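Structure first, then comments.
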4 protein chains.
Amino acid sequence: MTSIGLAVVGAGYWGPNLVRNAQAVPALDLRWLCDLDAARAAAVLGRYTTVRATTSYAEVLADPAVHAVAIATPAATHFDLARAALEAGKHVLVEKPLTATRAEGEKLVELAREQDRILMCDHTFCYTPVVRRIRELVRGGEVGDIRFVDSVRINLGLVQPDVDVLWDLAPHDLSILDFVLPEDVRPVAVAAHASDPMGTGKACLAYLTVWLSSGAMAHVHVNWLSPTKIRTTVIGGSRRTIVWDDVNPAQRLAVYDRGVEVEALGPDERRQKLISYRTGDVLVPALPEQEALRNMMTEFADAITEGRAPVTDGAAGVRVLTLLEAVSRSLELGGIRVEVEA
Amino acid sequence: MTSIGLAVVGAGYWGPNLVRNAQAVPALDLRWLCDLDAARAAAVLGRYTTVRATTSYAEVLADPAVHAVAIATPAATHFDLARAALEAGKHVLVEKPLTATRAEGEKLVELAREQDRILMCDHTFCYTPVVRRIRELVRGGEVGDIRFVDSVRINLGLVQPDVDVLWDLAPHDLSILDFVLPEDVRPVAVAAHASDPMGTGKACLAYLTVWLSSGAMAHVHVNWLSPTKIRTTVIGGSRRTIVWDDVNPAQRLAVYDRGVEVEALGPDERRQKLISYRTGDVLVPALPEQEALRNMMTEFADAITEGRAPVTDGAAGVRVLTLLEAVSRSLELGGIRVEVEA
Amino acid sequence: MTSIGLAVVGAGYWGPNLVRNAQAVPALDLRWLCDLDAARAAAVLGRYTTVRATTSYAEVLADPAVHAVAIATPAATHFDLARAALEAGKHVLVEKPLTATRAEGEKLVELAREQDRILMCDHTFCYTPVVRRIRELVRGGEVGDIRFVDSVRINLGLVQPDVDVLWDLAPHDLSILDFVLPEDVRPVAVAAHASDPMGTGKACLAYLTVWLSSGAMAHVHVNWLSPTKIRTTVIGGSRRTIVWDDVNPAQRLAVYDRGVEVEALGPDERRQKLISYRTGDVLVPALPEQEALRNMMTEFADAITEGRAPVTDGAAGVRVLTLLEAVSRSLELGGIRVEVEA
Amino acid sequence: MTSIGLAVVGAGYWGPNLVRNAQAVPALDLRWLCDLDAARAAAVLGRYTTVRATTSYAEVLADPAVHAVAIATPAATHFDLARAALEAGKHVLVEKPLTATRAEGEKLVELAREQDRILMCDHTFCYTPVVRRIRELVRGGEVGDIRFVDSVRINLGLVQPDVDVLWDLAPHDLSILDFVLPEDVRPVAVAAHASDPMGTGKACLAYLTVWLSSGAMAHVHVNWLSPTKIRTTVIGGSRRTIVWDDVNPAQRLAVYDRGVEVEALGPDERRQKLISYRTGDVLVPALPEQEALRNMMTEFADAITEGRAPVTDGAAGVRVLTLLEAVSRSLELGGIRVEVEA
């Protein structure tokens with residue numbers, strides 16, 4: 001197998017991570033780092049590299065040795081950059097969110113199909129060992145029926161000029177939900193409340209409710225103003241409850257055999273429920289130490305080589321955009337429930 | 001000072017705590033424990049007591065040595081029991097929520113005024129050293145302007161036949177807010193979403209948004225189905241942020257000198273904000289070890305002796321009921337924002 | 001069965017716990033609390049009790065309705081008080097350490113045998129659900145061969161005039177070792193270093209090494225000067241390692257399927273060891289919520305009723321004293337290893 | 001200033017960290033990575049580098065553009081490699097321990113003096129923000145007189161064929177002590193117990209006591225067999241106590257205003273001490289995020305440029321070796337106290 005020539009576009013916050021991990025994937029051959037700011041690109045590459053920096057995206061796309069581009073620029077630029085790359089016959093990996101609108105995302109998916117190129121969205125968390133294990137536990141039935149999902153993702157964060165906290169952080173939670181929930185359990189409606197207590201012009205903290213097709217409710221709390229870092233997702237099920245605490249490396253995942261059970265309907269006419277409690281053991285599964293971004297870039301390379309859709313393909317990116325647009329609509333309408341178009 | 005004769009009514013979940021703490025307050029003279037279940041009352045008192053058990057509330061009210069009653073029965077019975085006591089000339093302490101409806105609560109407040117008796121609501125957390133300190137920090141200005149409040153109160157809880165999780169747990173958070181917020185920052189509207197994923201007939205988990213008169217947002221997550229116990233309240237301010245973690249006795253309260261600042265408006269016409277970040281020290285204040293319930297019962301005794309309103313008086317109980325009724329209305333209306341009547 | 005008349009002797013630090021728990025054990029009938037300080041005894045009993053306070057130990061021993069005494073006085077007084085009780089035909093429970101010297105302890109054991117009375121030492125931790133489970137795990141073979149034991153018991157503690165930190169705190173660790181280790185794995189030697197950095201006249205922090213008959217080493221760190229409270233015991237085994245963290249109620253016990261393995265001897269002449277690593281799951285067993293002291297007093301009552309030795313009998317107390325005396329000898333000799341007499 | 005040509009020697013466990021950080025220090029010009037295993041060196045450098053790999057140390061020393069070498073090879077080889085480099089006129093940085101024996105270390109120090117070259121020992125932790133702050137707190141008087149030091153450094157570790165756990169891990173603790181203790185408080189004696197419960201031929205866990213010239217005691221627990229990772233150092237002082245928990249990034253350093261005080265001598269002839277307790281606040285200082293190894297390599301470059309001794313110079317390395325040799329002697333002599341030669 002010949003290696004896949006790659007260019008990374010964007011040397012800002014996320015680009016350097018792509019540069020570093022691309023160099024660690026044997027199937028990839030990193031050739032360019034492209035950024036409008038030449039000094040920044042050079043600084044990211046360092047003094048000891050054979051990778052070239054450029055400010056010309058045209059130069060990158062014109063290089064026949066470049067087979068794929070990885071885009072880590074502001075969301076508003078994703079569509080144009082990705083379209084140009086697809087039209088130039090390159091495979092494309094895009095940082096989340098896939099594009100600034102659902103319509104743009106759908107166009108990219110269609111274009112990739114026409115060009116017969118890979119379009120992949122960098123939903124990084126789906127490539128962590130912990131989320132892979134959660135998906136196995138949920139889809140394998142160990143969790144049972146899902147009763148609730150509660151996710152908290154708060155920290156002192158970068159207040160950003162172009163996106164609010166929901167578009168910045170909730171794609172993580174929504175893409176994880178998309179990945180781990182059983183295929184027949186899908187979001188059907190959302191509602192959100194947000195607040196901009198400092199008058200920055202963008203919501204800095206928000207609460208998002210997601211109703212699932214099964215009837216269960218998921219909830220996401222995102223916040224840029226928290227002095228403490230919390231990244232916890234709880235998936236409550238009828239058989240087990242999963243607690244994922246991402247800032248606790250000693251116990252990132254715990255599976256609780258504890259819960260409430262409605263044992264039976266009572267015999268009388270008031271249909272009294274008999275509630276009981278189960279207090280069992282907690283299992284902390286051993287997880288391999290793997291860098292998610294390396295797994296993600298390996299999946300990109302494998303999808304290209306094997307000519308198949310990657311795990312987090314353009315369609316997954318569009319599903320997340322569909323939810324984000326419904327969330328924004330709920331915010332505009334004062335927090336009412338907004339149905340999600342299929 | 002002669003001591004205050006007291007009867008405790010209700011030997012269920014909360015009554016035994018009142019019995020134990022009443023015996024530790026010098027100004028109180030515990031005379032009766034009253035419960036419809038004679039065996040349960042006797043078991044709570046134990047074999048070594050001089051306190052009498054009775055199943056007759058009339059006997060209690062007829063005892064001229066009883067000056068006050070403490071009611072810890074199901075919420076639906078609070079109104080009748082408290083009214084009878086006030087009409088019999090007794091001072092009354094009631095477990096939260098004060099009554100089953102706001103209208104009932106207002107009637108009790110009025111009756112207590114007419115009878116010139118103390119009516120107190122057991123908002124226990126307001127008597128913990130940690131909440132007292134939080135009130136000082138907030139009202140003393142150390143926190144600055146409040147930007148957000150986020151409270152999580154989840155655990156494997158008793159699914160109850162008569163109240164949902166909001167009426168069971170949120171009174172804690174709402175009474176704490178009532179106690180610690182500056183007097184000019186009051187709840188003006190609420191919205192809530194809830195879920196009963198097991199079909200118990202009562203909401204078992206819920207998310208509650210509270211808009212404050214200052215424009216800031218508070219949020220409360222209550223849940224009976226969580227296998228882990230979390231009781232955390234964060235109060236984000238412009239100067240400091242408070243993190244109260246009630247299940248961490250080694251560090252129950254932490255004051256963070258960290259945050260985001262909008263330093264100034266930029267000069268250009270787009271009124272660009274200049275955001276900066278402050279990463280300062282964290283202070284963990286030493287707190288005295290005190291049992292909240294003992295402080296609460298001492299306050300009850302002091303209010304009776306001094307003929308003054310207690311810190312958590314009937315009016316505080318009514319304010320919490322006002323919010324709870326608005327919350328229930330929001331739930332009925334699909335989660336829309338409901339204004340709180342003043 | 002008629003109930004066992006009990007007197008508690010000592011109303012200081014530990015006595016009130018015995019008083020409270022004695023009242024909760026159905027088989028016991030608490031009759032007296034005896035202390036030289038009448039006011040203190042009265043305060044411990046409170047205003048609502050039917051239990052009598054006395055300053056006269058003779059009065060207690062003369063009461064034919066008293067069948068047993070529980071002694072919670074300074075260690076130096078244990079021998080005389082226990083001897084008098086045994087000679088008066090009472091069963092005796094003594095707070096740890098059993099007596100001030102091994103010789104005294106052996107005399108009590110002999111006297112109890114002669115009088116045909118129960119002599120029990122209050123090694124409280126042996127009655128906690130967590131230590132009981134640890135004993136099952138170790139003696140049941142799940143841990144495998146014990147490779148090391150490491151115990152840390154530090155806190156801001158009461159600097160005491162009569163005992164040093166080793167005699168105050170190490171009895172907990174030594175009695176736990178005595179209880180959980182397999183019967184054929186016994187301490188054979190000790191060494192200790194201690195320090196009194198404030199010149200209080202008593203060692204305030206100490207490190208204790210215990211060699212076991214299996215060749216493994218146990219180590220205990222006790223400290224009265226630590227601003228943080230740590231109570232952790234690790235039992236490393238060839239199959240599993242147990243971590244008991246007593247200040248973490250959410251995860252008091254964890255069983256790690258992780259470790260180092262010497263797989264085989266290599267073939268060459270240097271007899272090279274092949275080391276491998278096992279990184280398996282962690283199990284957090286569900287433990288019942290039980291108060292150790294209530295279990296302990298129930299065991300005392302059961303041993304009396306059934307005429308059998310209690311789990312932590314006088315002989316167990318003597319074994320702990322034997323180790324403590326060897327420890328003190330090591331300290332006197334500058335920390336050298338001192339063999340333990342069988 | 002022209003940059004300093006550097007070669008890294010050793011591509012094993014530690015070398016890659018030196019390679020990565022050397023590339024991030026502007027004053028350094030990394031030219032070579034030297035290892036006997038050519039493939040390993042090439043793999044460490046990766047496919048995108050301009051740095052050359054070599055198996056010939058002679059080639060490195062013969063390169064006039066190499067002004068300095070950084071040695072990260074097994075300890076037994078440090079002396080010969082460092083001597084050759086110094087004789088070739090290169091500055092030398094050596095991974096801890098400086099050499100395999102104190103005598104070798106002293107020879108290197110003398111040789112560096114003769115050659116007028118920098119000899120530096122990589123005591124990495126001395127370059128962390130947390131240890132720098134601890135040094136300020138201790139040497140600035142905020143801690144007061146040191147009463148005790150307790151350090152725990154345990155984890156599932158690499159059982160090594162050439163060094164035992166003390167020579168592997170204790171250099172960290174001993175170099176930190178050397179760095180943070182006041183200059184007039186020095187180790188005067190040591191004692192150690194160790195265990196090799198699996199028969200690997202090397203001690204896998206050990207307890208080390210260090211007596212300080214002030215009379216206080218320090219203690220170090222190192223262990224390769226622990227399934228949990230603990231890296232905690234407590235420095236108890238008369239005014240404050242420092243707790244450094246290196247695996248808790250949210251609270252790496254805490255300064256406790258808590259402790260025991262001997263307030264005064266009592267008036268009577270028994271010279272009774274009056275003990276009191278102070279329970280004050282805890283301060284968690286904000287610490288900058290800095291990579292220790294980058295700080296360390298910057299110090300190496302600065303020392304070369306400025307022609308001065310680095311903070312952790314050869315003499316510091318020799319002081320640690322002096323302690324390690326005394327520790328080994330104590331182990332051979334069954335754990336007795338061994339004085340440290342000045």
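Labeling convention for the structure tokens: chains A, B, ... as they appear, residues from 1 per chain, ligands from 1 in order of appearance.
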
Within 7 Å of chain D, which residues belong to chain A? Use only C-alpha atoms and report them as an mmCIF file with all heavy atoms, in the first residue's frame.
data_model
loop_
_atom_site.group_PDB
_atom_site.id
_atom_site.type_symbol
_atom_site.label_atom_id
_atom_site.label_comp_id
_atom_site.auth_asym_id
_atom_site.auth_seq_id
_atom_site.Cartn_x
_atom_site.Cartn_y
_atom_site.Cartn_z
ATOM 1 N N TYR A 48 12.560 21.550 13.042
ATOM 2 C CA TYR A 48 13.234 20.291 12.708
ATOM 3 C C TYR A 48 12.434 19.450 11.728
ATOM 4 O O TYR A 48 12.641 18.253 11.627
ATOM 5 C CB TYR A 48 13.470 19.492 13.986
ATOM 6 C CG TYR A 48 14.324 20.217 15.000
ATOM 7 C CD1 TYR A 48 13.756 20.999 15.990
ATOM 8 C CD2 TYR A 48 15.719 20.128 14.940
ATOM 9 C CE1 TYR A 48 14.537 21.662 16.920
ATOM 10 C CE2 TYR A 48 16.512 20.787 15.865
ATOM 11 C CZ TYR A 48 15.910 21.556 16.856
ATOM 12 O OH TYR A 48 16.692 22.211 17.752
ATOM 13 N N THR A 49 11.503 20.068 11.001
ATOM 14 C CA THR A 49 10.548 19.286 10.235
ATOM 15 C C THR A 49 10.890 19.258 8.746
ATOM 16 O O THR A 49 11.544 20.163 8.220
ATOM 17 C CB THR A 49 9.130 19.858 10.402
ATOM 18 O OG1 THR A 49 8.216 18.956 9.800
ATOM 19 C CG2 THR A 49 9.021 21.230 9.735
ATOM 20 N N THR A 50 10.402 18.222 8.096
ATOM 21 C CA THR A 50 10.475 18.167 6.637
ATOM 22 C C THR A 50 9.127 18.510 6.009
ATOM 23 O O THR A 50 9.005 18.511 4.792
ATOM 24 C CB THR A 50 10.892 16.755 6.181
ATOM 25 O OG1 THR A 50 9.959 15.810 6.709
ATOM 26 C CG2 THR A 50 12.276 16.415 6.696
ATOM 27 N N VAL A 51 8.112 18.773 6.858
ATOM 28 C CA VAL A 51 6.793 19.151 6.344
ATOM 29 C C VAL A 51 6.851 20.625 5.933
ATOM 30 O O VAL A 51 7.468 21.442 6.611
ATOM 31 C CB VAL A 51 5.711 18.931 7.420
ATOM 32 C CG1 VAL A 51 4.343 19.342 6.903
ATOM 33 C CG2 VAL A 51 5.719 17.474 7.877
#

Problem set entry | DSSP-assigned strand (DSSP E or B) members of stretch 193-298 of chain C, reported as a ChimeraX atom specification | /C:193-195,205-212,217-223,225-237,241-245,253-265,273-284

Using the selection just defined, write its residues with C-alpha atoms as a compact mmCIF listing (two decimals), in the first residue's frame.
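Contents of the output file again_26.txt:
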# COMPACT_ATOMS: atom_id res chain seq x y z
CA HIS C 193 10.87 4.70 64.01
CA ALA C 194 9.03 7.52 65.71
CA SER C 195 9.30 11.24 66.16
CA LEU C 205 4.16 10.16 64.36
CA ALA C 206 5.63 6.75 63.71
CA TYR C 207 6.43 4.19 61.05
CA LEU C 208 6.12 0.53 61.89
CA THR C 209 7.40 -2.41 59.86
CA VAL C 210 6.01 -5.87 60.55
CA TRP C 211 7.58 -8.99 59.05
CA LEU C 212 5.19 -11.84 58.47
CA MET C 217 6.31 -7.20 54.88
CA ALA C 218 3.55 -5.07 56.37
CA HIS C 219 3.96 -1.39 57.16
CA VAL C 220 1.91 1.03 59.23
CA HIS C 221 2.13 4.82 59.25
CA VAL C 222 0.41 6.54 62.17
CA ASN C 223 0.45 10.29 62.67
CA LEU C 225 -0.04 15.84 63.16
CA SER C 226 -1.48 15.44 59.67
CA PRO C 227 -3.91 18.18 58.61
CA THR C 228 -5.61 15.73 56.27
CA LYS C 229 -7.34 12.53 57.27
CA ILE C 230 -6.15 9.40 55.51
CA ARG C 231 -7.18 5.89 56.45
CA THR C 232 -6.07 3.56 53.74
CA THR C 233 -4.99 -0.05 53.83
CA VAL C 234 -3.62 -1.82 50.79
CA ILE C 235 -3.21 -5.59 50.72
CA GLY C 236 -1.21 -6.60 47.69
CA GLY C 237 -1.59 -10.18 46.60
CA THR C 241 -4.88 -6.27 45.35
CA ILE C 242 -7.32 -4.80 47.83
CA VAL C 243 -7.52 -1.07 48.48
CA TRP C 244 -9.58 0.00 51.47
CA ASP C 245 -10.11 3.74 51.69
CA LEU C 253 -13.32 -1.08 49.08
CA ALA C 254 -11.87 -1.81 45.66
CA VAL C 255 -10.46 -5.07 44.37
CA TYR C 256 -7.89 -4.58 41.63
CA ASP C 257 -7.18 -7.26 39.10
CA ARG C 258 -3.88 -5.56 38.33
CA GLY C 259 -0.37 -6.46 39.12
CA VAL C 260 3.06 -7.66 38.27
CA GLU C 261 3.72 -11.28 37.50
CA VAL C 262 6.90 -13.29 37.36
CA GLU C 263 5.78 -15.59 34.64
CA ALA C 264 8.60 -18.04 34.50
CA LEU C 265 12.29 -18.45 34.80
CA LYS C 273 12.97 -13.57 35.34
CA LEU C 274 10.23 -12.85 32.84
CA ILE C 275 8.16 -10.06 34.27
CA SER C 276 4.73 -9.29 32.91
CA TYR C 277 1.94 -6.93 33.84
CA ARG C 278 -1.74 -7.56 34.25
CA THR C 279 -4.15 -4.65 33.85
CA GLY C 280 -7.61 -5.90 34.53
CA ASP C 281 -10.86 -4.52 35.86
CA VAL C 282 -11.52 -3.08 39.28
CA LEU C 283 -14.47 -4.32 41.29
CA VAL C 284 -16.13 -2.19 43.96

Find the spatial neighbours of C:Lys96, counting only C-alpha atoms, within a cut-off of 12 Å - ignore same-chain residues fewer than 6 positions away - and output them as a PDB file with N, CA and C atoms, in the first residue's frame.
ATOM      1  N   TRP C  14     -14.853   7.561  74.243  1.00  0.00           N
ATOM      2  CA  TRP C  14     -15.422   6.374  73.631  1.00  0.00           C
ATOM      3  C   TRP C  14     -16.706   5.900  74.296  1.00  0.00           C
ATOM      4  N   ALA C  70     -18.793  -2.925  80.300  1.00  0.00           N
ATOM      5  CA  ALA C  70     -18.026  -2.499  79.128  1.00  0.00           C
ATOM      6  C   ALA C  70     -17.149  -1.342  79.581  1.00  0.00           C
ATOM      7  N   ILE C  71     -15.834  -1.521  79.462  1.00  0.00           N
ATOM      8  CA  ILE C  71     -14.874  -0.585  80.053  1.00  0.00           C
ATOM      9  C   ILE C  71     -14.261   0.301  78.970  1.00  0.00           C
ATOM     10  N   ALA C  72     -14.442   1.628  79.155  1.00  0.00           N
ATOM     11  CA  ALA C  72     -13.900   2.594  78.199  1.00  0.00           C
ATOM     12  C   ALA C  72     -13.217   3.714  78.970  1.00  0.00           C
ATOM     13  N   THR C  73     -12.196   3.329  79.707  1.00  0.00           N
ATOM     14  CA  THR C  73     -11.429   4.262  80.543  1.00  0.00           C
ATOM     15  C   THR C  73      -9.994   4.295  80.019  1.00  0.00           C
ATOM     16  N   PRO C  74      -9.129   5.161  80.585  1.00  0.00           N
ATOM     17  CA  PRO C  74      -7.723   5.144  80.136  1.00  0.00           C
ATOM     18  C   PRO C  74      -7.096   3.768  80.284  1.00  0.00           C
ATOM     19  N   ALA C  75      -6.169   3.444  79.377  1.00  0.00           N
ATOM     20  CA  ALA C  75      -5.618   2.094  79.294  1.00  0.00           C
ATOM     21  C   ALA C  75      -4.992   1.626  80.606  1.00  0.00           C
ATOM     22  N   ALA C  76      -4.395   2.549  81.320  1.00  0.00           N
ATOM     23  CA  ALA C  76      -3.696   2.167  82.546  1.00  0.00           C
ATOM     24  C   ALA C  76      -4.649   1.598  83.589  1.00  0.00           C
ATOM     25  N   THR C  77      -5.936   1.915  83.495  1.00  0.00           N
ATOM     26  CA  THR C  77      -6.909   1.447  84.482  1.00  0.00           C
ATOM     27  C   THR C  77      -7.631   0.171  84.059  1.00  0.00           C
ATOM     28  N   HIS C  78      -7.398  -0.271  82.824  1.00  0.00           N
ATOM     29  CA  HIS C  78      -8.164  -1.409  82.308  1.00  0.00           C
ATOM     30  C   HIS C  78      -8.009  -2.653  83.175  1.00  0.00           C
ATOM     31  N   PHE C  79      -6.742  -2.927  83.558  1.00  0.00           N
ATOM     32  CA  PHE C  79      -6.487  -4.187  84.256  1.00  0.00           C
ATOM     33  C   PHE C  79      -7.262  -4.254  85.565  1.00  0.00           C
ATOM     34  N   GLY C 105      -2.571  -8.433  80.398  1.00  0.00           N
ATOM     35  CA  GLY C 105      -3.557  -9.036  79.516  1.00  0.00           C
ATOM     36  C   GLY C 105      -3.628 -10.537  79.715  1.00  0.00           C
ATOM     37  N   MET C 120     -13.701  -9.923  76.323  1.00  0.00           N
ATOM     38  CA  MET C 120     -13.711  -9.492  74.908  1.00  0.00           C
ATOM     39  C   MET C 120     -12.977  -8.178  74.793  1.00  0.00           C
ATOM     40  N   CYS C 121     -12.237  -8.028  73.702  1.00  0.00           N
ATOM     41  CA  CYS C 121     -11.541  -6.770  73.453  1.00  0.00           C
ATOM     42  C   CYS C 121     -12.248  -6.041  72.301  1.00  0.00           C
ATOM     43  N   ASP C 122     -12.493  -4.774  72.469  1.00  0.00           N
ATOM     44  CA  ASP C 122     -13.236  -3.997  71.473  1.00  0.00           C
ATOM     45  C   ASP C 122     -12.309  -3.588  70.318  1.00  0.00           C
ATOM     46  N   HIS C 123     -12.011  -4.564  69.463  1.00  0.00           N
ATOM     47  CA  HIS C 123     -11.301  -4.251  68.220  1.00  0.00           C
ATOM     48  C   HIS C 123     -12.357  -3.879  67.186  1.00  0.00           C
ATOM     49  N   THR C 124     -12.798  -2.636  67.262  1.00  0.00           N
ATOM     50  CA  THR C 124     -14.016  -2.209  66.560  1.00  0.00           C
ATOM     51  C   THR C 124     -13.993  -2.500  65.072  1.00  0.00           C
ATOM     52  N   PHE C 125     -12.842  -2.204  64.435  1.00  0.00           N
ATOM     53  CA  PHE C 125     -12.816  -2.320  62.976  1.00  0.00           C
ATOM     54  C   PHE C 125     -13.114  -3.730  62.487  1.00  0.00           C
ATOM     55  N   TRP C 167       0.759   3.326  70.441  1.00  0.00           N
ATOM     56  CA  TRP C 167      -0.193   2.632  71.322  1.00  0.00           C
ATOM     57  C   TRP C 167      -1.610   3.144  71.117  1.00  0.00           C
ATOM     58  N   ASP C 168      -1.757   4.358  70.620  1.00  0.00           N
ATOM     59  CA  ASP C 168      -3.093   4.898  70.395  1.00  0.00           C
ATOM     60  C   ASP C 168      -3.716   4.371  69.098  1.00  0.00           C
ATOM     61  N   LEU C 169      -2.965   4.430  68.020  1.00  0.00           N
ATOM     62  CA  LEU C 169      -3.568   4.140  66.710  1.00  0.00           C
ATOM     63  C   LEU C 169      -3.204   2.772  66.135  1.00  0.00           C
ATOM     64  N   ALA C 170      -1.965   2.317  66.366  1.00  0.00           N
ATOM     65  CA  ALA C 170      -1.558   1.064  65.728  1.00  0.00           C
ATOM     66  C   ALA C 170      -2.380  -0.150  66.169  1.00  0.00           C
ATOM     67  N   PRO C 171      -2.973  -0.163  67.393  1.00  0.00           N
ATOM     68  CA  PRO C 171      -3.822  -1.319  67.717  1.00  0.00           C
ATOM     69  C   PRO C 171      -4.916  -1.561  66.678  1.00  0.00           C
ATOM     70  N   HIS C 172      -5.409  -0.484  66.059  1.00  0.00           N
ATOM     71  CA  HIS C 172      -6.399  -0.690  64.994  1.00  0.00           C
ATOM     72  C   HIS C 172      -5.794  -1.540  63.875  1.00  0.00           C
ATOM     73  N   ASP C 173      -4.638  -1.124  63.385  1.00  0.00           N
ATOM     74  CA  ASP C 173      -4.036  -1.825  62.250  1.00  0.00           C
ATOM     75  C   ASP C 173      -3.584  -3.230  62.634  1.00  0.00           C
ATOM     76  N   LEU C 174      -3.038  -3.365  63.821  1.00  0.00           N
ATOM     77  CA  LEU C 174      -2.544  -4.674  64.238  1.00  0.00           C
ATOM     78  C   LEU C 174      -3.693  -5.641  64.487  1.00  0.00           C
ATOM     79  N   SER C 175      -4.795  -5.136  65.035  1.00  0.00           N
ATOM     80  CA  SER C 175      -5.931  -6.038  65.257  1.00  0.00           C
ATOM     81  C   SER C 175      -6.589  -6.411  63.930  1.00  0.00           C
ATOM     82  N   THR C 312     -13.275 -11.334  68.751  1.00  0.00           N
ATOM     83  CA  THR C 312     -12.070 -10.638  69.224  1.00  0.00           C
ATOM     84  C   THR C 312     -11.989 -10.843  70.733  1.00  0.00           C
ATOM     85  N   ASP C 313     -11.475 -11.985  71.090  1.00  0.00           N
ATOM     86  CA  ASP C 313     -11.448 -12.353  72.503  1.00  0.00           C
ATOM     87  C   ASP C 313     -10.214 -11.793  73.197  1.00  0.00           C
ATOM     88  N   GLY C 314     -10.059 -12.149  74.454  1.00  0.00           N
ATOM     89  CA  GLY C 314      -8.903 -11.675  75.203  1.00  0.00           C
ATOM     90  C   GLY C 314      -7.595 -12.088  74.563  1.00  0.00           C
ATOM     91  N   ALA C 316      -6.920 -12.374  71.445  1.00  0.00           N
ATOM     92  CA  ALA C 316      -6.620 -11.435  70.349  1.00  0.00           C
ATOM     93  C   ALA C 316      -6.035 -10.144  70.914  1.00  0.00           C
ATOM     94  N   GLY C 317      -6.602  -9.705  72.032  1.00  0.00           N
ATOM     95  CA  GLY C 317      -6.065  -8.510  72.678  1.00  0.00           C
ATOM     96  C   GLY C 317      -4.632  -8.710  73.118  1.00  0.00           C
ATOM     97  N   VAL C 318      -4.321  -9.899  73.626  1.00  0.00           N
ATOM     98  CA  VAL C 318      -2.948 -10.190  74.066  1.00  0.00           C
ATOM     99  C   VAL C 318      -1.996 -10.231  72.878  1.00  0.00           C
ATOM    100  N   ARG C 319      -2.445 -10.778  71.752  1.00  0.00           N
ATOM    101  CA  ARG C 319      -1.567 -10.815  70.573  1.00  0.00           C
ATOM    102  C   ARG C 319      -1.202  -9.393  70.121  1.00  0.00           C
ATOM    103  N   VAL C 320      -2.162  -8.498  70.181  1.00  0.00           N
ATOM    104  CA  VAL C 320      -1.872  -7.107  69.814  1.00  0.00           C
ATOM    105  C   VAL C 320      -0.896  -6.499  70.817  1.00  0.00           C
ATOM    106  N   LEU C 321      -1.092  -6.776  72.104  1.00  0.00           N
ATOM    107  CA  LEU C 321      -0.175  -6.249  73.125  1.00  0.00           C
ATOM    108  C   LEU C 321       1.244  -6.773  72.929  1.00  0.00           C
ATOM    109  N   LEU C 324       2.746  -4.683  70.323  1.00  0.00           N
ATOM    110  CA  LEU C 324       2.994  -3.313  70.787  1.00  0.00           C
ATOM    111  C   LEU C 324       4.223  -3.259  71.691  1.00  0.00           C
TER     112      LEU C 324
END

Exercise. Atom CA of B:Gly157 and atom CA of A:Asp145, how far apart in Å?
Worked result: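 Spanning atom CA of A:Asp145 to atom CA of B:Gly157 is a straight-line distance of 19.5 Å.
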
For this session: From a DSSP calculation on the backbone, collect every residue of stretch 36-266 of chain D in helix (DSSP H, G or I) and output the set as a PyMOL selection string.
Result: chain D and resi 38-45+57-62+75-87+102-115+124-127+129-139+165-180+249-251

Exercise. Which is closer to A:Val163 than all the others in A:Ala100, A:Ala38, A:Ala7, A:Val66, using only C-alpha atoms?
Worked result: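 Ranking A:Ala100, A:Ala38, A:Ala7, A:Val66 by distance to A:Val163, first place goes to A:Ala100.
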
Exercise. Nearest to B:Thr55: which of B:Ile118, B:Ala39, B:Ala68, B:Val131 is it, counting only C-alpha atoms?
Worked result: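 Among B:Ile118, B:Ala39, B:Ala68, B:Val131, it is B:Ala39 that comes nearest to B:Thr55.
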
For this session: Write out as a list in words which residues come within 12 Å of stretch 139-141 of chain B when counting only C-alpha atoms, dropping same-chain ones fewer than 3 positions away.
Result: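 Residues meeting the cut-off are Val131, Arg132, Arg133, Ile134, Arg135, Glu136, Gly144, Asp145, Ile146, Leu177, Asp178, Phe179, Val180, Leu181, Pro182, Glu183, Asp184, Val185, Gly237, Ser238, Arg239, Arg240 and Thr241 of chain B.
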